[in-house]
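Shown next: model_4.cif, containing mmCIF, C-alpha atoms and all ligand atoms.
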data_query
#
loop_
_atom_site.label_atom_id
_atom_site.label_comp_id
_atom_site.auth_asym_id
_atom_site.auth_seq_id
_atom_site.Cartn_x
_atom_site.Cartn_y
_atom_site.Cartn_z
CA MET A 1 24.39 8.07 15.00
CA GLU A 2 24.97 11.49 13.48
CA ASN A 3 23.27 13.49 10.74
CA VAL A 4 19.99 11.62 10.87
CA VAL A 5 17.35 13.63 9.05
CA THR A 6 14.77 11.08 7.88
CA GLY A 7 13.95 7.43 8.63
CA TYR A 8 12.20 4.95 6.35
CA LEU A 9 10.58 1.71 7.44
CA SER A 10 10.67 -0.62 4.46
CA ALA A 11 7.87 -2.95 3.46
CA GLU A 12 8.60 -6.43 4.79
CA GLY A 13 11.22 -8.25 2.71
CA HIS A 14 12.07 -5.19 0.60
CA VAL A 15 14.76 -3.37 2.53
CA ASP A 16 17.26 -3.79 -0.34
CA ARG A 17 14.90 -2.13 -2.81
CA LEU A 18 14.28 0.72 -0.37
CA VAL A 19 18.02 1.23 0.21
CA SER A 20 18.61 1.30 -3.55
CA GLU A 21 16.03 4.10 -3.86
CA LEU A 22 17.64 6.31 -1.21
CA LYS A 23 20.50 8.80 -1.18
CA GLY A 24 22.52 9.55 1.96
CA VAL A 25 21.91 6.31 3.85
CA VAL A 26 23.71 6.54 7.21
CA ALA A 27 22.44 3.44 8.98
CA VAL A 28 20.24 0.39 8.48
CA HIS A 29 18.69 -1.34 11.50
CA ASP A 30 16.55 -4.29 10.53
CA ARG A 31 13.94 -2.73 8.17
CA LEU A 32 14.62 0.79 9.36
CA VAL A 33 16.82 2.94 7.13
CA PHE A 34 18.12 6.32 8.27
CA THR A 35 19.38 8.99 5.88
CA SER A 36 21.07 12.35 6.18
CA CYS A 37 18.80 13.87 3.50
CA PRO A 38 15.38 15.50 3.59
CA ILE A 39 12.45 13.33 2.57
CA GLN A 40 12.86 11.56 -0.78
CA LYS A 41 10.33 9.98 -3.12
CA VAL A 42 10.41 6.23 -2.54
CA TYR A 43 8.07 3.36 -3.36
CA TRP A 44 9.03 0.63 -0.91
CA ALA A 45 8.51 2.40 2.42
CA GLN A 46 5.67 1.46 4.73
CA ASN A 47 6.17 4.43 7.03
CA ILE A 48 8.46 7.45 6.95
CA TRP A 49 9.91 8.99 10.09
CA LEU A 50 9.92 12.71 9.38
CA ASN A 51 11.83 14.15 12.33
CA PRO A 52 13.92 11.48 14.06
CA VAL A 53 16.00 12.50 17.06
CA VAL A 54 18.59 10.48 18.92
CA LEU A 55 17.92 10.34 22.69
CA ASN A 56 20.51 9.26 25.22
CA ILE A 57 18.67 7.41 27.97
CA ALA A 58 19.87 6.62 31.49
CA SER A 59 17.30 3.92 32.26
CA ILE A 60 13.98 2.40 31.16
CA THR A 61 12.11 4.95 33.26
CA ASP A 62 14.17 7.78 31.82
CA ALA A 63 13.46 6.58 28.24
CA ALA A 64 9.69 6.58 28.89
CA ARG A 65 9.92 9.99 30.57
CA GLN A 66 11.79 11.51 27.61
CA LEU A 67 9.33 10.07 25.08
CA LYS A 68 6.29 11.25 27.07
CA ALA A 69 7.85 14.71 27.32
CA ILE A 70 7.78 14.88 23.49
CA GLN A 71 4.21 13.53 23.04
CA GLY A 72 1.76 10.90 24.26
CA SER A 73 1.26 8.45 21.39
CA TRP A 74 4.11 6.18 20.34
CA ALA A 75 4.54 2.94 18.41
CA LEU A 76 7.63 0.81 18.92
CA PHE A 77 9.45 -0.63 15.94
CA PRO A 78 11.76 -3.21 17.54
CA THR A 79 15.21 -3.51 15.96
CA GLY A 80 16.96 -5.35 18.82
CA LEU A 81 17.18 -5.36 22.65
CA HIS A 82 13.60 -6.59 22.52
CA ARG A 83 13.06 -7.13 26.23
CA ARG A 84 14.37 -3.72 27.23
CA ALA A 85 12.37 -2.05 24.42
CA LEU A 86 9.18 -3.79 25.60
CA LEU A 87 9.79 -2.65 29.18
CA ILE A 88 10.02 0.95 27.91
CA ALA A 89 6.88 0.48 25.78
CA GLU A 90 4.99 -0.80 28.84
CA LYS A 91 5.63 2.52 30.57
CA LEU A 92 4.05 4.46 27.68
CA PRO A 93 0.31 4.89 27.00
CA ARG A 94 -0.89 1.81 25.13
CA VAL A 95 -1.65 2.40 21.43
CA PRO A 96 -3.13 -0.87 20.12
CA ALA A 97 -3.02 -1.44 16.36
CA PRO A 98 -6.57 -0.57 15.29
CA GLU A 99 -8.56 -3.19 13.39
CA LEU A 100 -10.18 -1.26 10.54
CA VAL A 101 -13.68 -2.20 9.50
CA PHE A 102 -14.09 -1.50 5.76
CA PRO A 103 -15.05 1.13 4.67
CA ALA A 104 -12.86 2.94 7.17
CA SER A 105 -10.78 6.09 7.26
CA PRO A 106 -7.30 5.96 8.68
CA PRO A 107 -7.00 7.42 12.19
CA ARG A 108 -6.40 11.17 12.23
CA SER A 109 -4.32 11.60 15.38
CA PRO A 110 -0.57 11.66 14.80
CA LEU A 111 1.46 8.74 16.02
CA GLY A 112 5.19 8.81 16.74
CA SER A 113 7.58 5.92 16.18
CA TRP A 114 10.64 4.88 18.15
CA THR A 115 13.26 2.17 18.34
CA LEU A 116 15.95 1.21 20.79
CA LEU A 117 19.34 1.05 19.08
CA ASP A 118 21.53 0.40 22.08
CA THR A 119 21.08 0.02 25.85
CA ASN A 120 21.28 3.78 26.24
CA VAL A 121 20.41 5.04 22.77
CA LEU A 122 16.92 5.45 21.37
CA VAL A 123 15.73 7.07 18.14
CA ALA A 124 12.28 8.66 18.11
CA SER A 125 10.27 10.52 15.52
CA SER A 126 7.18 12.39 16.71
CA GLN A 127 5.95 12.82 13.11
CA CYS A 128 5.49 9.97 10.65
CA THR A 129 3.63 9.65 7.36
CA SER A 130 1.37 6.90 8.72
CA THR A 131 -1.05 7.31 11.61
CA LEU A 132 -1.06 3.52 12.07
CA PRO A 133 1.57 1.68 14.12
CA ASN A 134 4.45 0.99 11.71
CA GLY A 135 2.14 1.65 8.78
CA GLU A 136 0.32 -1.66 9.26
CA VAL A 137 -3.14 -1.56 7.69
CA LEU A 138 -5.10 -4.33 9.37
CA PHE A 139 -8.69 -4.82 8.29
CA ARG A 140 -11.22 -7.02 10.04
CA GLU A 141 -11.25 -9.92 7.61
CA ASP A 142 -14.24 -11.72 6.13
CA LYS A 143 -13.36 -15.41 6.43
CA VAL A 144 -16.55 -16.62 4.74
CA GLY A 145 -17.42 -14.57 1.64
CA PRO A 146 -14.24 -14.11 -0.44
CA PRO A 147 -12.35 -17.08 -1.90
CA SER A 148 -8.94 -15.41 -1.43
CA ARG A 149 -7.42 -12.73 0.82
CA ALA A 150 -6.52 -10.56 -2.20
CA TYR A 151 -9.52 -8.32 -1.47
CA LEU A 152 -7.55 -6.78 1.42
CA LYS A 153 -5.26 -4.92 -0.99
CA LEU A 154 -8.26 -3.61 -2.92
CA TRP A 155 -9.91 -2.40 0.30
CA GLU A 156 -6.64 -0.68 1.17
CA ALA A 157 -6.29 0.86 -2.30
CA TRP A 158 -9.85 2.27 -2.15
CA THR A 159 -9.14 3.65 1.30
CA VAL A 160 -5.97 5.36 0.06
CA MET A 161 -7.80 6.76 -2.98
CA GLY A 162 -10.73 7.87 -0.82
CA GLU A 163 -13.09 6.38 -3.42
CA ARG A 164 -14.66 3.07 -4.23
CA PRO A 165 -17.12 1.82 -6.86
CA GLN A 166 -20.68 3.00 -6.42
CA ALA A 167 -23.84 0.94 -6.89
CA ASP A 168 -24.53 0.17 -10.57
CA GLU A 169 -21.12 1.34 -11.80
CA PHE A 170 -19.50 -0.88 -14.41
CA CYS A 171 -16.15 -2.44 -13.49
CA ILE A 172 -13.72 -4.73 -15.30
CA ASP A 173 -11.71 -7.08 -13.09
CA ALA A 174 -8.76 -8.41 -15.10
CA GLY A 175 -7.07 -11.52 -13.73
CA GLY A 176 -9.96 -11.76 -11.32
CA SER A 177 -9.96 -15.45 -10.37
CA PRO A 178 -10.66 -17.00 -7.94
CA GLY A 179 -12.65 -13.84 -7.18
CA GLY A 180 -11.56 -11.95 -4.04
CA TRP A 181 -11.60 -8.58 -5.81
CA CYS A 182 -14.78 -9.52 -7.66
CA TRP A 183 -16.45 -10.30 -4.32
CA ALA A 184 -15.38 -6.90 -2.88
CA ILE A 185 -16.62 -5.00 -5.97
CA GLN A 186 -19.91 -6.90 -6.16
CA LYS A 187 -20.54 -6.30 -2.44
CA LEU A 188 -20.61 -2.56 -3.19
CA GLY A 189 -23.46 -3.10 -5.65
CA ALA A 190 -21.37 -2.50 -8.77
CA HIS A 191 -21.45 -4.70 -11.90
CA VAL A 192 -18.29 -6.69 -12.61
CA LEU A 193 -16.97 -8.23 -15.78
CA SER A 194 -14.28 -10.62 -14.60
CA VAL A 195 -11.74 -11.85 -17.16
CA ASP A 196 -9.31 -14.65 -16.44
CA ARG A 197 -7.84 -17.75 -18.00
CA SER A 198 -8.95 -19.70 -14.92
CA PRO A 199 -12.55 -19.88 -13.71
CA LEU A 200 -14.03 -17.89 -10.86
CA ASP A 201 -14.84 -19.71 -7.68
CA LYS A 202 -18.36 -21.10 -8.11
CA LYS A 203 -19.84 -19.15 -5.20
CA ILE A 204 -18.58 -15.88 -6.78
CA ALA A 205 -19.57 -16.71 -10.37
CA CYS A 206 -23.23 -17.04 -9.37
CA LEU A 207 -23.47 -13.70 -7.53
CA PRO A 208 -25.85 -11.14 -9.09
CA GLY A 209 -24.04 -8.52 -11.17
CA VAL A 210 -21.05 -10.77 -11.87
CA GLU A 211 -20.20 -11.81 -15.43
CA PHE A 212 -17.24 -13.98 -16.33
CA GLN A 213 -15.29 -14.14 -19.58
CA LYS A 214 -12.65 -16.84 -20.02
CA GLY A 215 -9.49 -15.73 -21.80
CA SER A 216 -6.67 -13.24 -21.72
CA ALA A 217 -7.32 -9.88 -20.09
CA PHE A 218 -5.13 -8.27 -22.72
CA SER A 219 -7.66 -9.11 -25.41
CA LEU A 220 -9.98 -6.53 -23.80
CA GLN A 221 -9.42 -3.21 -25.50
CA PRO A 222 -10.98 0.20 -24.80
CA GLU A 223 -12.51 0.34 -28.31
CA ASP A 224 -14.84 -2.48 -27.27
CA PHE A 225 -16.53 -0.36 -24.57
CA ASP A 226 -18.43 2.96 -24.42
CA GLN A 227 -17.61 3.68 -20.81
CA VAL A 228 -15.96 1.83 -17.95
CA ASP A 229 -16.15 3.29 -14.45
CA TRP A 230 -13.32 1.26 -12.95
CA LEU A 231 -10.69 -1.00 -14.48
CA PHE A 232 -8.93 -3.34 -12.07
CA SER A 233 -6.03 -5.63 -12.81
CA ASP A 234 -4.36 -8.18 -10.58
CA VAL A 235 -3.00 -10.13 -13.57
CA ILE A 236 0.30 -11.92 -13.07
CA CYS A 237 2.35 -10.62 -15.98
CA TYR A 238 5.44 -8.64 -16.90
CA PRO A 239 5.13 -5.00 -15.78
CA GLU A 240 5.92 -3.78 -19.34
CA LYS A 241 2.98 -5.71 -20.76
CA LEU A 242 0.65 -4.26 -18.14
CA TYR A 243 2.04 -0.77 -18.77
CA ASP A 244 1.33 -0.91 -22.53
CA TRP A 245 -2.21 -2.17 -21.92
CA ALA A 246 -3.00 0.28 -19.10
CA ARG A 247 -1.59 3.16 -21.16
CA ARG A 248 -4.02 2.33 -23.99
CA TRP A 249 -6.91 2.55 -21.55
CA VAL A 250 -5.66 5.85 -20.10
CA ASP A 251 -5.13 7.39 -23.54
CA SER A 252 -8.57 6.24 -24.73
CA GLY A 253 -10.41 8.20 -22.04
CA VAL A 254 -12.92 5.34 -21.84
CA CYS A 255 -12.14 4.51 -18.22
CA ARG A 256 -12.27 6.99 -15.35
CA LYS A 257 -10.47 5.11 -12.60
CA MET A 258 -7.97 2.30 -12.55
CA ILE A 259 -6.17 0.20 -9.97
CA CYS A 260 -3.52 -2.28 -11.11
CA THR A 261 -0.96 -4.30 -9.22
CA ILE A 262 2.52 -4.23 -10.78
CA LYS A 263 4.06 -7.59 -10.03
CA PHE A 264 7.80 -8.30 -9.91
CA GLN A 265 8.88 -11.86 -10.46
CA GLY A 266 12.42 -11.66 -11.79
CA GLU A 267 14.89 -8.84 -11.40
CA TYR A 268 13.42 -5.62 -10.05
CA ASP A 269 13.34 -2.81 -12.61
CA SER A 270 12.82 0.65 -11.12
CA LYS A 271 12.52 2.21 -14.61
CA ILE A 272 9.13 0.64 -15.26
CA VAL A 273 7.90 1.88 -11.88
CA LYS A 274 8.85 5.43 -12.85
CA LYS A 275 7.01 4.96 -16.16
CA PHE A 276 3.83 4.04 -14.32
CA ALA A 277 4.27 6.90 -11.85
CA GLY A 278 4.81 9.26 -14.80
CA ILE A 279 1.31 8.64 -16.18
CA PRO A 280 -0.60 11.87 -15.45
CA ASN A 281 -3.14 11.76 -12.62
CA SER A 282 -1.71 8.60 -11.17
CA ARG A 283 0.42 7.42 -8.30
CA VAL A 284 2.31 4.28 -7.33
CA VAL A 285 2.47 2.97 -3.77
CA HIS A 286 3.40 -0.14 -1.89
CA LEU A 287 0.32 -1.01 0.12
CA TYR A 288 0.74 -2.79 3.43
CA ASN A 289 -1.30 -5.65 1.95
CA ASN A 290 0.88 -5.83 -1.19
CA LYS A 291 3.59 -8.46 -1.32
CA ASN A 292 6.18 -8.51 -4.13
CA GLU A 293 4.22 -5.90 -6.03
CA LEU A 294 3.31 -2.22 -6.14
CA THR A 295 -0.11 -0.71 -6.77
CA TRP A 296 -0.73 1.86 -9.51
CA MET A 297 -3.81 4.05 -9.13
CA PHE A 298 -5.30 6.39 -11.71
CA LYS A 299 -8.16 8.89 -11.62
CA THR A 300 -9.17 11.09 -14.53
CA GLU A 301 -8.89 14.84 -14.11
CA THR A 302 -12.65 15.24 -13.88
CA SER A 303 -12.51 13.28 -10.63
CA GLU A 304 -10.04 14.61 -8.06
CA PRO A 305 -6.51 13.53 -9.04
CA PRO A 306 -4.69 11.48 -6.43
CA GLU A 307 -2.01 13.53 -4.74
CA GLN A 308 1.50 12.31 -5.42
CA SER A 309 4.03 13.58 -2.97
CA ASP A 310 7.33 12.64 -1.43
CA ARG A 311 5.37 11.71 1.68
CA ASP A 312 3.56 8.90 -0.12
CA THR A 313 3.23 5.81 1.90
CA ALA A 314 -0.05 4.09 1.53
CA PHE A 315 -1.63 5.48 4.72
C1 LIG B 401 -3.12 -12.96 -8.15
S1 LIG B 401 -4.30 -13.83 -9.05
C2 LIG B 401 -5.69 -12.79 -8.94
C3 LIG B 401 -6.40 -12.87 -7.64
C4 LIG B 401 -7.72 -12.12 -7.67
N1 LIG B 401 -7.53 -10.68 -7.79
C5 LIG B 401 -8.57 -12.38 -6.47
O1 LIG B 401 -8.91 -11.44 -5.77
O2 LIG B 401 -8.93 -13.54 -6.22
C6 LIG B 401 -3.75 -13.57 -10.66
C7 LIG B 401 -4.66 -14.11 -11.75
O3 LIG B 401 -4.17 -13.66 -12.99
C8 LIG B 401 -4.58 -14.61 -13.95
N2 LIG B 401 -3.89 -14.37 -15.22
C9 LIG B 401 -2.60 -14.53 -15.55
N3 LIG B 401 -2.38 -14.13 -16.83
C10 LIG B 401 -3.57 -13.70 -17.31
C11 LIG B 401 -4.01 -13.12 -18.54
N4 LIG B 401 -3.16 -12.93 -19.55
N5 LIG B 401 -5.30 -12.78 -18.65
C12 LIG B 401 -6.17 -12.96 -17.63
N6 LIG B 401 -5.80 -13.49 -16.45
C13 LIG B 401 -4.53 -13.85 -16.28
C14 LIG B 401 -4.31 -15.93 -13.28
O4 LIG B 401 -5.06 -16.97 -13.88
C15 LIG B 401 -4.75 -15.62 -11.84
O5 LIG B 401 -6.07 -16.05 -11.61
#
What is this structure when it is put down as structure tokens?
Amino acid sequence: MENVVTGYLSAEGHVDRLVSELKGVVAVHDRLVFTSCPIQKVYWAQNIWLNPVVLNIASITDAARQLKAIQGSWALFPTGLHRRALLIAEKLPRVPAPELVFPASPPRSPLGSWTLLDTNVLVASSQCTSTLPNGEVLFREDKVGPPSRAYLKLWEAWTVMGERPQADEFCIDAGGSPGGWCWAIQKLGAHVLSVDRSPLDKKIACLPGVEFQKGSAFSLQPEDFDQVDWLFSDVICYPEKLYDWARRWVDSGVCRKMICTIKFQGEYDSKIVKKFAGIPNSRVVHLYNNKNELTWMFKTETSEPPEQSDRDTAF
């Protein structure tokens, strides 16, 4: 493989979207896409390999020796030759995927990534955008409290933003049922107004600080509120509809921070993603815990704006 400058590991199931975002694609191995161009702004990558090099290896021992000569910490992304790749990995220092306990910061130490392309050919990148193995953000789950696993993407979004609701802040949770996000917000001591066409799970509806309003989230308008600390939306709707509504909230100045999932049901439209990303003081990412959706995050200028860069993967 020649001219490899950058590698992108796509979010699971979204390699086609990632490829369509990239210029200079030279090879695709499973979910790993190599390009001949410097880093590009993409939305569907889970990890970016910043300095991939092709290593010719004589044996399993030689592969491990060459990797260790570059650095100590490596994560394997298997693209084939699984048994041989695992035998190489066994000769490297073990880097288990950390289980994050919310609230948690991502690990600081750099982690390289590698894959075995052929019996004697390996690609390795000592620098990656994520410090987690293959960008996988695994939280220790609460199997008792929340009624859905959707809270994991909110935990991840707060971790990426480096902020979360504080005690007594006022939050709106649009499309909040059955109440996973509501549970996560309430647990922080904030007040939540949850709005959904379907009811909240009973054990969430009765929590202190939780209020429920039945109906469409889009009937909530900024004029109806003096100040909202956080606006959350996990509503299943067309991205354009969400954009128009979110834009009203941004322009009103009533809400300081927002996190919305942009869901894609039919054909994927990259134009609407760019519209969201173009809202000042905001960024769009695919979180590890997102599925067929992206997450848009907004912070007003008075709070620190989230940094948008070409290196954006969630962690
Ligand atoms: C993915 S679920 C939300 C899961 C929730 N965040 C949680 O943590 O449990 C999407 C929700 O959007 C709601 N929904 C769809 N259209 C809506 C609308 N126009 N207004 C309010 N809620 C809506 C659905 O009823 C559904 O409960």
Between CA of Ile262 in chain A and CA of Ser216 in chain A, distance in Å (one decimal):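 Separation between CA of Ile262 in chain A and CA of Ser216 in chain A: 16.9 Å.
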Option closest in space to ligand LIG 401 (chain B), from A:Trp230, A:Pro146, A:Glu211, A:Thr295 [counting only C-alpha atoms and all ligand atoms]: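 Counting only C-alpha atoms and all ligand atoms, the residue closest to ligand LIG 401 (chain B) is A:Pro146.
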Residue among A:Glu223, A:Ile236, A:Gly176, A:Ala277 lying closest to Ser252 in chain A, counting all atoms listed in the file: A:Glu223
Surroundings of ligand LIG 401 (chain B) up to 7 Å, based on only C-alpha atoms and all ligand atoms, as a count of residues only: 26
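Among the candidates A:Phe139, A:Trp158, A:Phe34, A:Trp249, the residue lying nearest to Asp226 in chain A is A:Trp249 (atoms considered: all atoms listed in the file).
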Spatial neighbours of Trp114 in chain A, max dist 9 Å, only C-alpha atoms, sep filter under 4 positions, as a ChimeraX atom specification: /A:52,67,74-78,122-126
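Between CA of Gly24 in chain A and CA of Val4 in chain A the interatomic distance comes to 9.5 Å.
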What's around Leu55 in chain A at 12 Å? Count only C-alpha atoms, leave out sequence neighbours fewer than 3 positions away in its own chain, and write the answer as a tab-separated table (two decimals) with C-alpha atoms, in the coordinates of the input.
chain	number	residue	atom	x	y	z
A	1	MET	CA	24.39	8.07	15.00
A	2	GLU	CA	24.97	11.49	13.48
A	52	PRO	CA	13.92	11.48	14.06
A	58	ALA	CA	19.87	6.62	31.49
A	59	SER	CA	17.30	3.92	32.26
A	62	ASP	CA	14.17	7.78	31.82
A	63	ALA	CA	13.46	6.58	28.24
A	64	ALA	CA	9.69	6.58	28.89
A	65	ARG	CA	9.92	9.99	30.57
A	66	GLN	CA	11.79	11.51	27.61
A	67	LEU	CA	9.33	10.07	25.08
A	69	ALA	CA	7.85	14.71	27.32
A	70	ILE	CA	7.78	14.88	23.49
A	114	TRP	CA	10.64	4.88	18.15
A	115	THR	CA	13.26	2.17	18.34
A	116	LEU	CA	15.95	1.21	20.79
A	117	LEU	CA	19.34	1.05	19.08
A	118	ASP	CA	21.53	0.40	22.08
A	119	THR	CA	21.08	0.02	25.85
A	120	ASN	CA	21.28	3.78	26.24
A	121	VAL	CA	20.41	5.04	22.77
A	122	LEU	CA	16.92	5.45	21.37
A	123	VAL	CA	15.73	7.07	18.14
A	124	ALA	CA	12.28	8.66	18.11
A	125	SER	CA	10.27	10.52	15.52
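Going from CA of Val228 in chain A to CA of Gln213 in chain A covers 16.1 Å.
With only C-alpha atoms taken into account, the protein and nucleic acid residues at most 9 Å from Lys91 in chain A (excluding it and anything under 3 positions from it in its own chain) are A:Ile60, A:Thr61, A:Ala64, A:Arg65, A:Leu86, A:Leu87, A:Ile88, A:Arg94.
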Would you mind putting back N, CA and C atoms on range 182-196 of chain A, then writing it out as an mmCIF file, keeping the file's coordinate frame?
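Output file selection_10.cif is given in full below:
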data_model
loop_
_atom_site.group_PDB
_atom_site.id
_atom_site.type_symbol
_atom_site.label_atom_id
_atom_site.label_comp_id
_atom_site.auth_asym_id
_atom_site.auth_seq_id
_atom_site.Cartn_x
_atom_site.Cartn_y
_atom_site.Cartn_z
ATOM 1 N N CYS A 182 -13.433 -9.484 -7.087
ATOM 2 C CA CYS A 182 -14.780 -9.520 -7.660
ATOM 3 C C CYS A 182 -15.813 -9.487 -6.524
ATOM 4 N N TRP A 183 -15.553 -10.262 -5.486
ATOM 5 C CA TRP A 183 -16.450 -10.300 -4.320
ATOM 6 C C TRP A 183 -16.544 -8.903 -3.689
ATOM 7 N N ALA A 184 -15.392 -8.225 -3.532
ATOM 8 C CA ALA A 184 -15.380 -6.900 -2.880
ATOM 9 C C ALA A 184 -16.122 -5.873 -3.739
ATOM 10 N N ILE A 185 -15.969 -5.963 -5.064
ATOM 11 C CA ILE A 185 -16.620 -5.000 -5.970
ATOM 12 C C ILE A 185 -18.137 -5.263 -5.977
ATOM 13 N N GLN A 186 -18.488 -6.533 -6.095
ATOM 14 C CA GLN A 186 -19.910 -6.900 -6.160
ATOM 15 C C GLN A 186 -20.636 -6.522 -4.878
ATOM 16 N N LYS A 187 -19.952 -6.618 -3.753
ATOM 17 C CA LYS A 187 -20.540 -6.300 -2.440
ATOM 18 C C LYS A 187 -20.934 -4.821 -2.366
ATOM 19 N N LEU A 188 -20.278 -3.993 -3.188
ATOM 20 C CA LEU A 188 -20.610 -2.560 -3.190
ATOM 21 C C LEU A 188 -21.792 -2.262 -4.114
ATOM 22 N N GLY A 189 -22.301 -3.289 -4.786
ATOM 23 C CA GLY A 189 -23.460 -3.100 -5.650
ATOM 24 C C GLY A 189 -23.089 -2.745 -7.081
ATOM 25 N N ALA A 190 -21.812 -2.814 -7.403
ATOM 26 C CA ALA A 190 -21.370 -2.500 -8.770
ATOM 27 C C ALA A 190 -21.471 -3.771 -9.639
ATOM 28 N N HIS A 191 -21.463 -3.564 -10.964
ATOM 29 C CA HIS A 191 -21.450 -4.700 -11.900
ATOM 30 C C HIS A 191 -20.002 -5.015 -12.256
ATOM 31 N N VAL A 192 -19.679 -6.285 -12.332
ATOM 32 C CA VAL A 192 -18.290 -6.690 -12.610
ATOM 33 C C VAL A 192 -18.225 -7.633 -13.791
ATOM 34 N N LEU A 193 -17.344 -7.275 -14.733
ATOM 35 C CA LEU A 193 -16.970 -8.230 -15.780
ATOM 36 C C LEU A 193 -15.592 -8.752 -15.388
ATOM 37 N N SER A 194 -15.538 -10.020 -15.021
ATOM 38 C CA SER A 194 -14.280 -10.620 -14.600
ATOM 39 C C SER A 194 -13.679 -11.396 -15.767
ATOM 40 N N VAL A 195 -12.391 -11.171 -16.034
ATOM 41 C CA VAL A 195 -11.740 -11.850 -17.160
ATOM 42 C C VAL A 195 -10.500 -12.576 -16.644
ATOM 43 N N ASP A 196 -10.454 -13.858 -16.912
ATOM 44 C CA ASP A 196 -9.310 -14.650 -16.440
ATOM 45 C C ASP A 196 -9.211 -15.910 -17.287
#
